[in-house]
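This is upload_31.tsv. It holds TSV, C-alpha atoms and all ligand atoms.
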```
chain	number	residue	atom	x	y	z
A	1	MET	CA	97.81	135.88	96.71
A	2	ASP	CA	95.71	133.17	98.34
A	3	PHE	CA	94.67	130.42	95.94
A	4	GLY	CA	90.98	131.10	96.67
A	5	THR	CA	91.47	134.70	95.51
A	6	LEU	CA	93.29	133.51	92.38
A	7	LEU	CA	90.28	131.35	91.51
A	8	ILE	CA	88.27	134.57	91.17
A	9	HIS	CA	90.95	137.09	90.10
A	10	ASN	CA	93.06	135.48	87.39
A	11	GLY	CA	92.82	137.98	84.57
A	12	HIS	CA	89.31	137.01	83.51
A	13	GLU	CA	87.26	138.65	86.23
A	14	ALA	CA	85.65	141.24	83.92
A	15	ASP	CA	85.05	141.53	80.19
A	16	PRO	CA	87.50	144.18	78.90
A	17	THR	CA	85.00	145.79	76.51
A	18	THR	CA	81.75	145.77	78.51
A	19	GLY	CA	82.87	145.25	82.12
A	20	ALA	CA	80.55	142.23	82.40
A	21	LEU	CA	81.56	140.03	85.35
A	22	GLY	CA	80.77	136.86	83.45
A	23	VAL	CA	83.15	135.73	80.70
A	24	THR	CA	81.45	136.39	77.36
A	25	LEU	CA	80.18	133.31	75.57
A	26	TYR	CA	81.36	133.46	71.96
A	27	GLN	CA	78.98	131.04	70.27
A	28	THR	CA	80.57	131.15	66.85
A	29	SER	CA	82.33	128.77	64.50
A	30	THR	CA	84.20	131.38	62.49
A	31	PHE	CA	85.48	134.97	62.60
A	32	ASP	CA	85.25	137.75	60.01
A	33	GLN	CA	88.73	138.36	58.60
A	34	GLY	CA	87.71	141.21	56.29
A	35	ASN	CA	89.79	143.79	58.13
A	36	ALA	CA	92.95	141.72	57.65
A	37	TYR	CA	92.31	141.76	53.90
A	38	LYS	CA	91.52	145.51	53.93
A	39	ASP	CA	94.94	146.10	55.55
A	40	ALA	CA	96.50	143.96	52.83
A	41	ILE	CA	95.34	146.43	50.17
A	42	ASP	CA	97.70	149.02	51.70
A	43	SER	CA	100.51	146.82	52.99
A	44	GLY	CA	100.55	144.14	50.31
A	45	SER	CA	100.28	141.19	52.75
A	46	VAL	CA	97.50	139.73	54.90
A	47	SER	CA	98.45	139.85	58.58
A	48	PRO	CA	96.94	136.96	60.52
A	49	GLN	CA	94.38	137.95	63.17
A	50	GLU	CA	94.15	136.17	66.53
A	51	TYR	CA	90.93	134.29	65.76
A	52	ASP	CA	90.03	132.80	62.40
A	53	TYR	CA	88.18	129.53	63.05
A	54	ALA	CA	86.82	128.31	66.41
A	55	ARG	CA	88.53	124.91	66.36
A	56	SER	CA	91.83	126.78	66.30
A	57	GLY	CA	90.79	129.24	68.98
A	58	ASN	CA	87.80	130.87	70.65
A	59	PRO	CA	87.93	133.76	73.17
A	60	THR	CA	85.72	131.92	75.71
A	61	ARG	CA	87.96	128.87	75.47
A	62	LYS	CA	91.03	131.08	75.75
A	63	ALA	CA	89.72	132.49	79.06
A	64	LEU	CA	89.50	128.95	80.49
A	65	GLU	CA	92.86	127.95	79.01
A	66	GLU	CA	94.61	130.96	80.53
A	67	THR	CA	92.83	130.40	83.86
A	68	ILE	CA	93.92	126.76	84.21
A	69	ALA	CA	97.48	127.66	83.08
A	70	SER	CA	97.74	130.24	85.86
A	71	LEU	CA	96.19	127.93	88.48
A	72	GLU	CA	98.55	125.08	87.58
A	73	ARG	CA	101.52	127.51	87.22
A	74	GLY	CA	102.21	126.45	83.62
A	75	ALA	CA	103.05	128.34	80.43
A	76	ARG	CA	100.08	127.22	78.30
A	77	GLY	CA	96.64	125.78	78.99
A	78	PHE	CA	94.40	123.80	76.63
A	79	ALA	CA	90.74	122.85	76.81
A	80	PHE	CA	89.28	119.68	75.32
A	81	GLY	CA	85.88	118.11	74.80
A	82	SER	CA	86.48	115.61	77.65
A	83	GLY	CA	89.13	114.50	80.11
A	84	ILE	CA	89.93	111.51	77.94
A	85	ALA	CA	90.25	113.84	74.92
A	86	ALA	CA	92.85	115.76	76.96
A	87	VAL	CA	94.68	112.49	77.78
A	88	SER	CA	94.52	111.27	74.15
A	89	SER	CA	95.61	114.61	72.73
A	90	VAL	CA	98.59	114.88	75.10
A	91	LEU	CA	99.60	111.32	74.16
A	92	GLY	CA	99.34	112.47	70.53
A	93	ILE	CA	102.65	114.35	70.90
A	94	PHE	CA	104.46	110.98	70.87
A	95	LYS	CA	105.23	108.82	67.85
A	96	ALA	CA	105.26	105.14	66.91
A	97	GLY	CA	108.15	103.36	68.62
A	98	ASP	CA	108.10	105.65	71.66
A	99	HIS	CA	107.57	104.06	75.07
A	100	ILE	CA	105.74	105.35	78.13
A	101	VAL	CA	105.97	104.17	81.75
A	102	ALA	CA	102.50	104.53	83.28
A	103	ALA	CA	101.14	104.00	86.77
A	104	GLU	CA	99.21	100.72	86.62
A	105	ASP	CA	96.14	102.12	88.36
A	106	ILE	CA	95.50	105.19	86.26
A	107	TYR	CA	91.90	105.94	85.25
A	108	GLY	CA	90.49	102.93	83.35
A	109	GLY	CA	89.79	105.00	80.22
A	110	SER	CA	93.41	106.23	80.10
A	111	TRP	CA	94.56	102.62	80.46
A	112	ARG	CA	92.21	101.60	77.62
A	113	ILE	CA	93.36	104.29	75.17
A	114	LEU	CA	97.00	103.33	75.81
A	115	ASN	CA	96.28	99.61	75.49
A	116	THR	CA	94.08	99.74	72.41
A	117	PHE	CA	94.23	102.81	70.17
A	118	TYR	CA	97.78	103.95	70.92
A	119	LYS	CA	99.09	100.38	71.03
A	120	ARG	CA	97.77	99.90	67.48
A	121	TRP	CA	99.64	103.05	66.46
A	122	GLY	CA	102.89	101.75	67.93
A	123	LEU	CA	103.13	103.70	71.21
A	124	GLU	CA	104.39	101.20	73.77
A	125	MET	CA	103.45	101.29	77.44
A	126	THR	CA	104.69	99.53	80.56
A	127	PRO	CA	102.37	99.67	83.57
A	128	VAL	CA	104.09	99.81	86.98
A	129	ASP	CA	103.15	100.21	90.61
A	130	ALA	CA	104.33	103.82	90.78
A	131	SER	CA	103.72	104.05	94.53
A	132	ASP	CA	107.30	102.70	94.68
A	133	SER	CA	109.36	105.01	92.47
A	134	LYS	CA	112.00	102.27	92.01
A	135	ASN	CA	109.50	100.49	89.76
A	136	VAL	CA	109.32	103.55	87.52
A	137	LYS	CA	113.12	103.62	87.20
A	138	LYS	CA	113.33	99.89	86.44
A	139	ALA	CA	110.80	100.16	83.59
A	140	ILE	CA	112.69	102.85	81.68
A	141	ARG	CA	114.03	101.68	78.29
A	142	PRO	CA	116.16	103.38	75.64
A	143	ASN	CA	112.99	104.41	73.75
A	144	THR	CA	111.10	105.68	76.85
A	145	LYS	CA	109.91	109.23	76.33
A	146	ALA	CA	107.55	109.90	79.25
A	147	ILE	CA	106.09	108.82	82.58
A	148	PHE	CA	102.34	109.06	83.15
A	149	LEU	CA	101.20	109.31	86.78
A	150	GLU	CA	98.03	109.82	88.75
A	151	THR	CA	98.07	110.40	92.51
A	152	PRO	CA	96.03	109.57	94.48
A	153	SER	CA	95.43	106.64	92.16
A	154	ASN	CA	92.12	105.44	90.94
A	155	PRO	CA	90.27	103.67	92.56
A	156	LEU	CA	92.56	102.53	95.42
A	157	LEU	CA	93.92	105.96	96.37
A	158	LYS	CA	97.55	104.86	96.36
A	159	ILE	CA	100.03	107.69	96.66
A	160	THR	CA	102.95	108.22	94.29
A	161	ASP	CA	105.94	110.26	95.39
A	162	LEU	CA	105.85	112.83	92.61
A	163	LYS	CA	109.18	114.50	93.33
A	164	ALA	CA	111.01	111.14	93.43
A	165	CYS	CA	109.49	110.14	90.08
A	166	PHE	CA	110.19	113.53	88.49
A	167	THR	CA	113.84	113.29	89.56
A	168	ILE	CA	114.07	109.87	87.88
A	169	ALA	CA	112.35	111.25	84.77
A	170	LYS	CA	114.66	114.28	84.58
A	171	GLU	CA	117.78	112.12	84.86
A	172	ALA	CA	116.53	110.04	81.93
A	173	GLY	CA	115.36	113.05	79.89
A	174	LEU	CA	111.69	112.05	80.05
A	175	ILE	CA	108.52	114.15	80.03
A	176	SER	CA	106.53	113.83	83.26
A	177	ILE	CA	102.75	113.81	82.84
A	178	VAL	CA	100.34	113.89	85.79
A	179	ASP	CA	96.57	113.44	85.78
A	180	ASN	CA	95.63	115.84	88.60
A	181	THR	CA	91.86	115.31	88.39
A	182	PHE	CA	91.35	113.99	91.95
A	183	MET	CA	93.29	116.78	93.66
A	184	THR	CA	92.84	119.85	91.44
A	185	PRO	CA	95.38	122.69	91.60
A	186	LEU	CA	93.78	123.76	94.88
A	187	LEU	CA	95.36	120.79	96.68
A	188	GLN	CA	98.25	119.73	94.45
A	189	ARG	CA	100.27	121.56	91.80
A	190	PRO	CA	102.50	119.02	90.01
A	191	ILE	CA	104.29	121.61	87.82
A	192	GLU	CA	105.61	123.31	90.97
A	193	LEU	CA	106.99	119.91	91.97
A	194	GLY	CA	108.67	119.32	88.60
A	195	ALA	CA	106.02	117.94	86.20
A	196	ASP	CA	105.99	118.94	82.54
A	197	ILE	CA	102.32	118.38	81.68
A	198	VAL	CA	99.22	118.28	83.90
A	199	ILE	CA	95.91	116.83	82.74
A	200	HIS	CA	92.39	117.19	84.14
A	201	SER	CA	89.02	115.72	83.61
A	202	ALA	CA	87.27	119.07	84.23
A	203	THR	CA	84.07	117.02	84.29
A	204	LYS	CA	84.95	116.37	87.94
A	205	PHE	CA	85.86	118.89	90.68
A	206	LEU	CA	86.70	121.80	88.37
A	207	GLY	CA	83.27	121.78	86.71
A	208	GLY	CA	81.91	120.52	90.00
A	209	HIS	CA	78.19	120.19	89.25
A	210	SER	CA	77.88	116.96	87.22
A	211	ASP	CA	76.57	118.96	84.27
A	212	VAL	CA	79.45	119.07	81.79
A	213	ILE	CA	82.03	116.80	80.14
A	214	SER	CA	85.30	118.63	79.68
A	215	GLY	CA	89.08	118.21	79.82
A	216	LEU	CA	92.14	120.39	80.29
A	217	ALA	CA	95.90	120.17	79.88
A	218	VAL	CA	98.65	122.52	81.02
A	219	THR	CA	102.24	122.52	79.83
A	220	LYS	CA	105.13	123.83	81.87
A	221	THR	CA	106.90	125.26	78.82
A	222	GLU	CA	105.93	127.12	75.65
A	223	GLU	CA	107.80	124.47	73.64
A	224	LEU	CA	105.63	121.62	74.95
A	225	GLY	CA	102.64	123.96	74.59
A	226	LYS	CA	103.33	124.25	70.85
A	227	GLN	CA	103.32	120.46	70.55
A	228	VAL	CA	100.05	120.05	72.45
A	229	TYR	CA	98.47	122.92	70.49
A	230	ALA	CA	99.38	121.18	67.21
A	231	VAL	CA	97.42	118.11	68.39
A	232	GLN	CA	94.54	120.16	69.83
A	233	ASN	CA	94.09	121.96	66.52
A	234	GLY	CA	94.99	119.02	64.29
A	235	PHE	CA	93.08	116.29	66.14
A	236	GLY	CA	90.28	118.74	66.92
A	237	ALA	CA	88.90	117.32	70.18
A	238	VAL	CA	87.94	120.82	71.33
A	239	PRO	CA	85.01	121.76	73.61
A	240	GLY	CA	82.10	124.00	72.67
A	241	PRO	CA	81.93	127.44	74.31
A	242	TRP	CA	78.92	126.57	76.50
A	243	ASP	CA	80.78	123.71	78.15
A	244	VAL	CA	83.84	125.90	78.58
A	245	TRP	CA	81.68	128.58	80.19
A	246	LEU	CA	80.28	126.07	82.70
A	247	VAL	CA	83.81	125.01	83.70
A	248	ILE	CA	84.85	128.67	84.10
A	249	ARG	CA	81.88	129.17	86.42
A	250	GLY	CA	82.61	125.97	88.35
A	251	ILE	CA	86.25	126.91	88.98
A	252	LYS	CA	85.19	130.09	90.82
A	253	THR	CA	83.66	128.05	93.66
A	254	LEU	CA	86.25	125.25	93.73
A	255	LYS	CA	87.73	126.23	97.09
A	256	VAL	CA	84.50	126.35	99.09
A	257	ARG	CA	83.18	123.18	97.48
A	258	LEU	CA	86.30	121.05	97.74
A	259	GLU	CA	87.15	122.12	101.28
A	260	ALA	CA	83.66	121.22	102.49
A	261	GLN	CA	83.66	117.97	100.51
A	262	GLU	CA	87.05	117.01	101.91
A	263	LYS	CA	85.86	117.67	105.46
A	264	GLY	CA	82.92	115.34	104.80
A	265	ALA	CA	85.19	112.68	103.25
A	266	LYS	CA	87.45	112.68	106.32
A	267	LYS	CA	84.51	112.24	108.68
A	268	ILE	CA	82.81	109.48	106.68
A	269	ALA	CA	86.06	107.59	105.94
A	270	ALA	CA	86.94	107.60	109.65
A	271	TRP	CA	83.46	106.37	110.57
A	272	LEU	CA	83.55	103.61	107.93
A	273	SER	CA	86.95	102.43	109.22
A	274	SER	CA	85.33	101.05	112.36
A	275	HIS	CA	82.15	99.68	110.73
A	276	LYS	CA	81.70	95.96	111.32
A	277	ASN	CA	80.80	95.21	107.67
A	278	VAL	CA	83.73	97.12	106.22
A	279	GLU	CA	86.93	95.26	105.36
A	280	ALA	CA	89.13	98.25	104.53
A	281	VAL	CA	88.99	101.98	103.79
A	282	TYR	CA	91.38	103.60	101.31
A	283	TYR	CA	91.81	107.33	101.93
A	284	PRO	CA	95.09	109.26	102.21
A	285	GLY	CA	93.49	111.46	104.88
A	286	LEU	CA	93.45	108.52	107.33
A	287	GLU	CA	96.40	108.17	109.72
A	288	ASN	CA	96.91	104.50	108.80
A	289	HIS	CA	97.12	105.13	105.02
A	290	PRO	CA	100.61	104.02	103.88
A	291	GLY	CA	100.97	107.03	101.59
A	292	LYS	CA	99.77	109.68	104.05
A	293	GLN	CA	103.19	111.12	104.79
A	294	VAL	CA	104.13	111.46	101.12
A	295	ASN	CA	100.74	112.93	100.27
A	296	ASP	CA	101.01	115.45	103.11
A	297	ALA	CA	104.40	116.52	101.79
A	298	GLN	CA	103.28	117.11	98.20
A	299	ALA	CA	99.62	118.12	98.57
A	300	SER	CA	97.71	120.38	100.91
A	301	GLY	CA	94.84	117.92	101.38
A	302	ALA	CA	93.61	114.39	100.82
A	303	GLY	CA	90.68	115.24	98.54
A	304	ALA	CA	87.08	114.16	98.68
A	305	VAL	CA	87.28	110.70	97.13
A	306	PHE	CA	87.86	107.46	99.02
A	307	SER	CA	87.18	103.77	98.47
A	308	PHE	CA	86.15	100.99	100.79
A	309	LYS	CA	85.67	97.24	100.64
A	310	THR	CA	82.73	95.53	102.22
A	311	LYS	CA	83.27	92.09	103.76
A	312	THR	CA	81.03	90.29	101.27
A	313	LEU	CA	79.76	90.77	97.71
A	314	GLU	CA	76.16	90.79	99.02
A	315	GLN	CA	76.97	93.73	101.29
A	316	ALA	CA	78.43	95.70	98.37
A	317	ARG	CA	75.40	94.99	96.19
A	318	LYS	CA	72.99	95.88	98.98
A	319	PHE	CA	74.84	99.13	99.67
A	320	LEU	CA	74.69	100.21	96.01
A	321	GLY	CA	71.05	99.14	95.68
A	322	THR	CA	69.71	100.78	98.83
A	323	VAL	CA	71.85	103.85	99.51
A	324	LYS	CA	69.61	106.90	99.10
A	325	LEU	CA	71.76	110.03	99.41
A	326	ALA	CA	74.48	108.80	97.04
A	327	ALA	CA	73.78	108.18	93.37
A	328	ALA	CA	75.08	104.77	92.26
A	329	ALA	CA	76.83	106.26	89.26
A	330	VAL	CA	80.00	106.78	87.29
A	331	SER	CA	81.99	109.99	87.90
A	332	LEU	CA	83.10	112.04	90.88
A	333	GLY	CA	83.68	115.60	91.98
A	334	GLY	CA	80.11	116.90	91.80
A	335	VAL	CA	78.13	118.57	94.58
A	336	GLU	CA	76.13	115.37	94.98
A	337	THR	CA	77.66	112.28	96.59
A	338	ILE	CA	78.35	109.46	94.12
A	339	ALA	CA	78.96	105.80	94.91
A	340	SER	CA	80.76	104.05	92.04
A	341	TYR	CA	81.34	100.37	91.51
A	342	PRO	CA	84.76	100.30	89.75
A	343	VAL	CA	84.57	96.65	88.57
A	344	ALA	CA	81.44	97.40	86.56
A	345	MET	CA	81.97	101.10	85.84
A	346	SER	CA	85.26	103.07	85.61
A	347	HIS	CA	87.50	99.98	85.48
A	348	ALA	CA	85.27	97.58	83.53
A	349	SER	CA	87.58	97.96	80.50
A	350	ILE	CA	90.50	96.43	82.46
A	351	PRO	CA	90.65	92.62	82.09
A	352	GLN	CA	89.34	90.75	85.17
A	353	ASN	CA	92.65	89.02	86.03
A	354	GLU	CA	94.45	92.37	85.83
A	355	ARG	CA	91.78	94.02	88.01
A	356	GLU	CA	92.12	91.27	90.62
A	357	ARG	CA	95.89	91.64	90.65
A	358	LEU	CA	95.42	95.36	91.29
A	359	GLY	CA	93.00	94.72	94.17
A	360	ILE	CA	89.98	96.10	92.31
A	361	THR	CA	87.59	93.48	93.65
A	362	ASP	CA	83.81	93.14	93.43
A	363	THR	CA	83.51	94.33	97.03
A	364	LEU	CA	85.20	97.67	96.27
A	365	ILE	CA	83.06	100.81	96.27
A	366	ARG	CA	84.39	104.29	95.50
A	367	ILE	CA	82.76	107.29	97.13
A	368	SER	CA	82.98	110.88	95.91
A	369	VAL	CA	81.66	112.95	98.77
A	370	GLY	CA	79.36	115.82	97.81
A	371	LEU	CA	78.04	118.77	99.75
A	372	GLU	CA	75.34	117.00	101.74
A	373	ASN	CA	75.67	117.12	105.53
A	374	PRO	CA	78.15	114.30	106.34
A	375	ASP	CA	75.98	113.21	109.30
A	376	ASP	CA	73.06	112.60	106.93
A	377	LEU	CA	75.37	110.59	104.67
A	378	ILE	CA	76.63	108.53	107.62
A	379	ALA	CA	73.07	107.73	108.73
A	380	ASP	CA	72.16	106.71	105.18
A	381	PHE	CA	75.35	104.63	104.67
A	382	ASP	CA	74.74	102.93	108.02
A	383	GLU	CA	71.32	101.71	106.87
A	384	ALA	CA	72.66	100.61	103.48
A	385	LEU	CA	75.46	98.65	105.16
A	386	ALA	CA	73.31	97.06	107.84
A	401	LIG	N1	91.12	111.10	84.49
A	401	LIG	C1	90.51	110.70	85.61
A	401	LIG	C2	91.30	110.60	86.87
A	401	LIG	C3	89.14	110.38	85.61
A	401	LIG	O1	88.55	109.99	86.76
A	401	LIG	C4	88.43	110.48	84.39
A	401	LIG	C5	87.00	110.14	84.33
A	401	LIG	O2	86.44	109.55	85.22
A	401	LIG	C6	89.10	110.89	83.24
A	401	LIG	C7	90.43	111.21	83.32
A	401	LIG	C8	88.38	111.01	81.94
A	401	LIG	O3	87.59	112.17	81.94
A	401	LIG	P1	86.25	112.35	81.11
A	401	LIG	O4	85.25	111.38	81.64
A	401	LIG	O5	85.92	113.78	81.33
A	401	LIG	O6	86.57	112.05	79.68
```

Transcribe the structure of this file into structure tokens.
Amino acid sequence: MDFGTLLIHNGHEADPTTGALGVTLYQTSTFDQGNAYKDAIDSGSVSPQEYDYARSGNPTRKALEETIASLERGARGFAFGSGIAAVSSVLGIFKAGDHIVAAEDIYGGSWRILNTFYKRWGLEMTPVDASDSKNVKKAIRPNTKAIFLETPSNPLLKITDLKACFTIAKEAGLISIVDNTFMTPLLQRPIELGADIVIHSATKFLGGHSDVISGLAVTKTEELGKQVYAVQNGFGAVPGPWDVWLVIRGIKTLKVRLEAQEKGAKKIAAWLSSHKNVEAVYYPGLENHPGKQVNDAQASGAGAVFSFKTKTLEQARKFLGTVKLAAAAVSLGGVETIASYPVAMSHASIPQNERERLGITDTLIRISVGLENPDDLIADFDEALA
């Protein structure tokens, strides 16, 4: 079945009791368990029913969890109140004294939770440039339990060879975790390539309309699913049913949105590459991107996010202050184009010297291309860069 069809027909296309085409929104905190107790009068024991309390499970949330599990080809799916709640909850399966090898340019918030909260609780982390898998191998220690990757990386769109890293992880008995937010399962399915856990900020392309904060995780196996469920239920960073419902709706149109957005990204990135005030463009869809070949081998597209550096700080400031069709904002993946300034926004929590080492300079601008006509965006960007 084509992936676009699976986005619509994945077991949740109609409500089984009413036939409604929209997934039912169960706005409830608890569930009546009277029948279970009635049965107990005859049988002598209370049999647990599927739903008892909405932190532990909710049918609307279950529809999203099963949908993302089938799209990512995993055994179990989990929904969270945000992408970072998904990251934090997955990291919650580890214990003090464990060590994680993480790509050095993961999302700034993931970097922060590893370097503050989890560091305090004794989870060690070594950041590496994962675009060379040898660095991942070198960083493995006797207490390493997992590798944490994100490709394309954020915000410089570096590509990591997932299969090479998963092979290294398997040899060392490690869990491979991938943040697949930028690509979505439409373009890249890490579990098919050998990952054990996939994470999403569903706030981005999956939700797709800049109107919800949400996160997801998918485990390859039931066993890992049990561990993540224990944290989801125990930690309790679950989403409300309204937010879940918005993500379910967003997923249905993922293919048409992302394909159009990617087409726009390719056109604008190519145009920017020859602009006189642009120093560099970072987009794996460009022929000169060093990771293009690897990305083409493991993903079916380059996505709709790219970054570029202006030649001077003034040009970057002027662009962000005068661009009209792109919101100067945090986030990505919505139908509206967003221009982010990583040094002051997504990566502000990374110390300045570390940011500079990573190439996240004050001339770097990240663009998430929306559904506007790319020619209108080019005309607008041209004025803002003049
Ligand atoms: N992962 C990536 C790649 C992100 O870009 C973000 C947010 O920008 C997150 C995780 C965190 O998601 P959220 O903002 O939904 O908590």

Can you tell me how far CA of Thr24 (chain A) sits from CA of Thr60 (chain A), in Å to one decimal?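 That distance, rounded to one decimal, is 6.4 Å.
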
Name the closest residue to Leu364 (chain A) among the candidates A:Asp161, A:Asp196, A:Glu314, A:Asp211; distances are taken between atoms, counting all atoms listed in the file.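 Checking each of A:Asp161, A:Asp196, A:Glu314, A:Asp211 against Leu364 (chain A), counting all atoms listed in the file, the winner is A:Glu314.
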
Between CA of Ala386 (chain A) and CA of Lys318 (chain A), what is the distance in Å, rounded to a tenth?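 Taking CA of Ala386 (chain A) as the start and CA of Lys318 (chain A) as the end point, the length is 8.9 Å.
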
Give me the residues near Asn277 (chain A) as a list in words, where near means some atom within 10 Å (using all atoms listed in the file) and where sequence neighbours in that chain fewer than 5 positions away do not count.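 These residues fall inside the cut-off: Leu272, Lys309, Thr310, Lys311, Thr312, Gln315, Ala316, Asp382, Leu385 and Ala386 of chain A.
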
Residue subset to file, keeping C-alpha atoms, as a PDB file, in the frame of the given file:
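Wrote again.pdb, looks like this:
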```
ATOM      1  CA  LEU A 272      83.550 103.610 107.930  1.00  0.00           C
ATOM      2  CA  LYS A 309      85.670  97.240 100.640  1.00  0.00           C
ATOM      3  CA  THR A 310      82.730  95.530 102.220  1.00  0.00           C
ATOM      4  CA  LYS A 311      83.270  92.090 103.760  1.00  0.00           C
ATOM      5  CA  THR A 312      81.030  90.290 101.270  1.00  0.00           C
ATOM      6  CA  GLN A 315      76.970  93.730 101.290  1.00  0.00           C
ATOM      7  CA  ALA A 316      78.430  95.700  98.370  1.00  0.00           C
ATOM      8  CA  ASP A 382      74.740 102.930 108.020  1.00  0.00           C
ATOM      9  CA  LEU A 385      75.460  98.650 105.160  1.00  0.00           C
ATOM     10  CA  ALA A 386      73.310  97.060 107.840  1.00  0.00           C
TER      11      ALA A 386
END
```

If you count only C-alpha atoms and all ligand atoms, which residues end up within 6 Å of ligand LIG 401 (chain A), as a list in words?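 Listing the residues within 6 Å of ligand LIG 401 (chain A) gives Ser82, Gly83, Ile84, Tyr107, Thr181, Ser201, Thr203, Ile213, Ser214, Gly215 and Ser331 of chain A.
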
In terms of the shortest atom-to-atom distance over all atoms listed in the file, which of A:Glu65, A:Asp32, A:Glu383, A:Glu222 is closest to His200 (chain A)? A:Glu65

Selected residue of minimal separation from Thr28 (chain A) among A:Lys137, A:Arg73, A:Arg55, A:Lys255, counting only C-alpha atoms: A:Arg55

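Between CA of Val101 (chain A) and CA of Met125 (chain A) the separation is 5.8 Å.
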
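Taking all atoms listed in the file into account, Ala299 (chain A) lies nearest to A:Glu192 out of the set A:Asp380, A:Glu287, A:Glu279, A:Glu192.
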
Test item: residues at most 10 Å from Lys170 (chain A), only C-alpha atoms, excluding those fewer than 4 positions along its chain, as an mmCIF file with C-alpha atoms, keeping the file's coordinate frame:
```cif
data_model
loop_
_atom_site.group_PDB
_atom_site.id
_atom_site.type_symbol
_atom_site.label_atom_id
_atom_site.label_comp_id
_atom_site.auth_asym_id
_atom_site.auth_seq_id
_atom_site.Cartn_x
_atom_site.Cartn_y
_atom_site.Cartn_z
ATOM 1 C CA ALA A 146 107.550 109.900 79.250
ATOM 2 C CA CYS A 165 109.490 110.140 90.080
ATOM 3 C CA PHE A 166 110.190 113.530 88.490
ATOM 4 C CA LEU A 174 111.690 112.050 80.050
ATOM 5 C CA ILE A 175 108.520 114.150 80.030
ATOM 6 C CA SER A 176 106.530 113.830 83.260
ATOM 7 C CA GLY A 194 108.670 119.320 88.600
ATOM 8 C CA ALA A 195 106.020 117.940 86.200
#
```

Is there a way to get, as a ChimeraX atom specification, all residues within 10 Å of the point (97.8, 119.7, 80.4) in file coordinates, counting only C-alpha atoms? /A:65,68-69,72,74,76-80,86-87,89-90,177-180,196-200,215-220,224-225,228

Dump C-alpha atoms for the selected residues as a tab-separated table (two decimals), keeping the file's coordinate frame?
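The resulting again_16.tsv:
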```tsv
chain	number	residue	atom	x	y	z
A	65	GLU	CA	92.86	127.95	79.01
A	68	ILE	CA	93.92	126.76	84.21
A	69	ALA	CA	97.48	127.66	83.08
A	72	GLU	CA	98.55	125.08	87.58
A	74	GLY	CA	102.21	126.45	83.62
A	76	ARG	CA	100.08	127.22	78.30
A	77	GLY	CA	96.64	125.78	78.99
A	78	PHE	CA	94.40	123.80	76.63
A	79	ALA	CA	90.74	122.85	76.81
A	80	PHE	CA	89.28	119.68	75.32
A	86	ALA	CA	92.85	115.76	76.96
A	87	VAL	CA	94.68	112.49	77.78
A	89	SER	CA	95.61	114.61	72.73
A	90	VAL	CA	98.59	114.88	75.10
A	177	ILE	CA	102.75	113.81	82.84
A	178	VAL	CA	100.34	113.89	85.79
A	179	ASP	CA	96.57	113.44	85.78
A	180	ASN	CA	95.63	115.84	88.60
A	196	ASP	CA	105.99	118.94	82.54
A	197	ILE	CA	102.32	118.38	81.68
A	198	VAL	CA	99.22	118.28	83.90
A	199	ILE	CA	95.91	116.83	82.74
A	200	HIS	CA	92.39	117.19	84.14
A	215	GLY	CA	89.08	118.21	79.82
A	216	LEU	CA	92.14	120.39	80.29
A	217	ALA	CA	95.90	120.17	79.88
A	218	VAL	CA	98.65	122.52	81.02
A	219	THR	CA	102.24	122.52	79.83
A	220	LYS	CA	105.13	123.83	81.87
A	224	LEU	CA	105.63	121.62	74.95
A	225	GLY	CA	102.64	123.96	74.59
A	228	VAL	CA	100.05	120.05	72.45
```

Give me, as CSV, each residue of region 119-233 of chain A that comes within 12 Å of region 343-350 of chain A, together with its shortest interatomic pair and the distance in Å at one decimal, counting all atoms listed in the file, with rows ordered by chain and rising residue number.
```
residue,atom,partner,partner_atom,distance
A:Asn154,CA,A:His347,CA,9.0
A:Pro155,CA,A:His347,CA,8.5
A:Leu156,CA,A:His347,CA,11.4
```

Nearest to Ser274 (chain A) among A:Glu262, A:Val294, A:Ser210, A:Phe308, with distances taken over all atoms listed in the file: which residue is it?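 Nearest to Ser274 (chain A): A:Phe308.
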
For Ala297 (chain A): contacts at 12 Å, all atoms listed in the file, fewer than 2 positions along chain excluded, given as a PyMOL selection string: chain A and resi 159-164+187-189+193+284+291-295+299-302

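Here the question is which of A:Arg257, A:His9, A:His275, A:Arg249 gets nearest to Leu371 (chain A) using all atoms listed in the file, and that residue is A:Arg257.
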
Scan for residues within 8 Å of the point (88.5, 113.8, 92.4) in the coordinates of the file, using only C-alpha atoms, and reply as a PyMOL selection string. chain A and resi 181-184+204-205+303-305+332-333+368
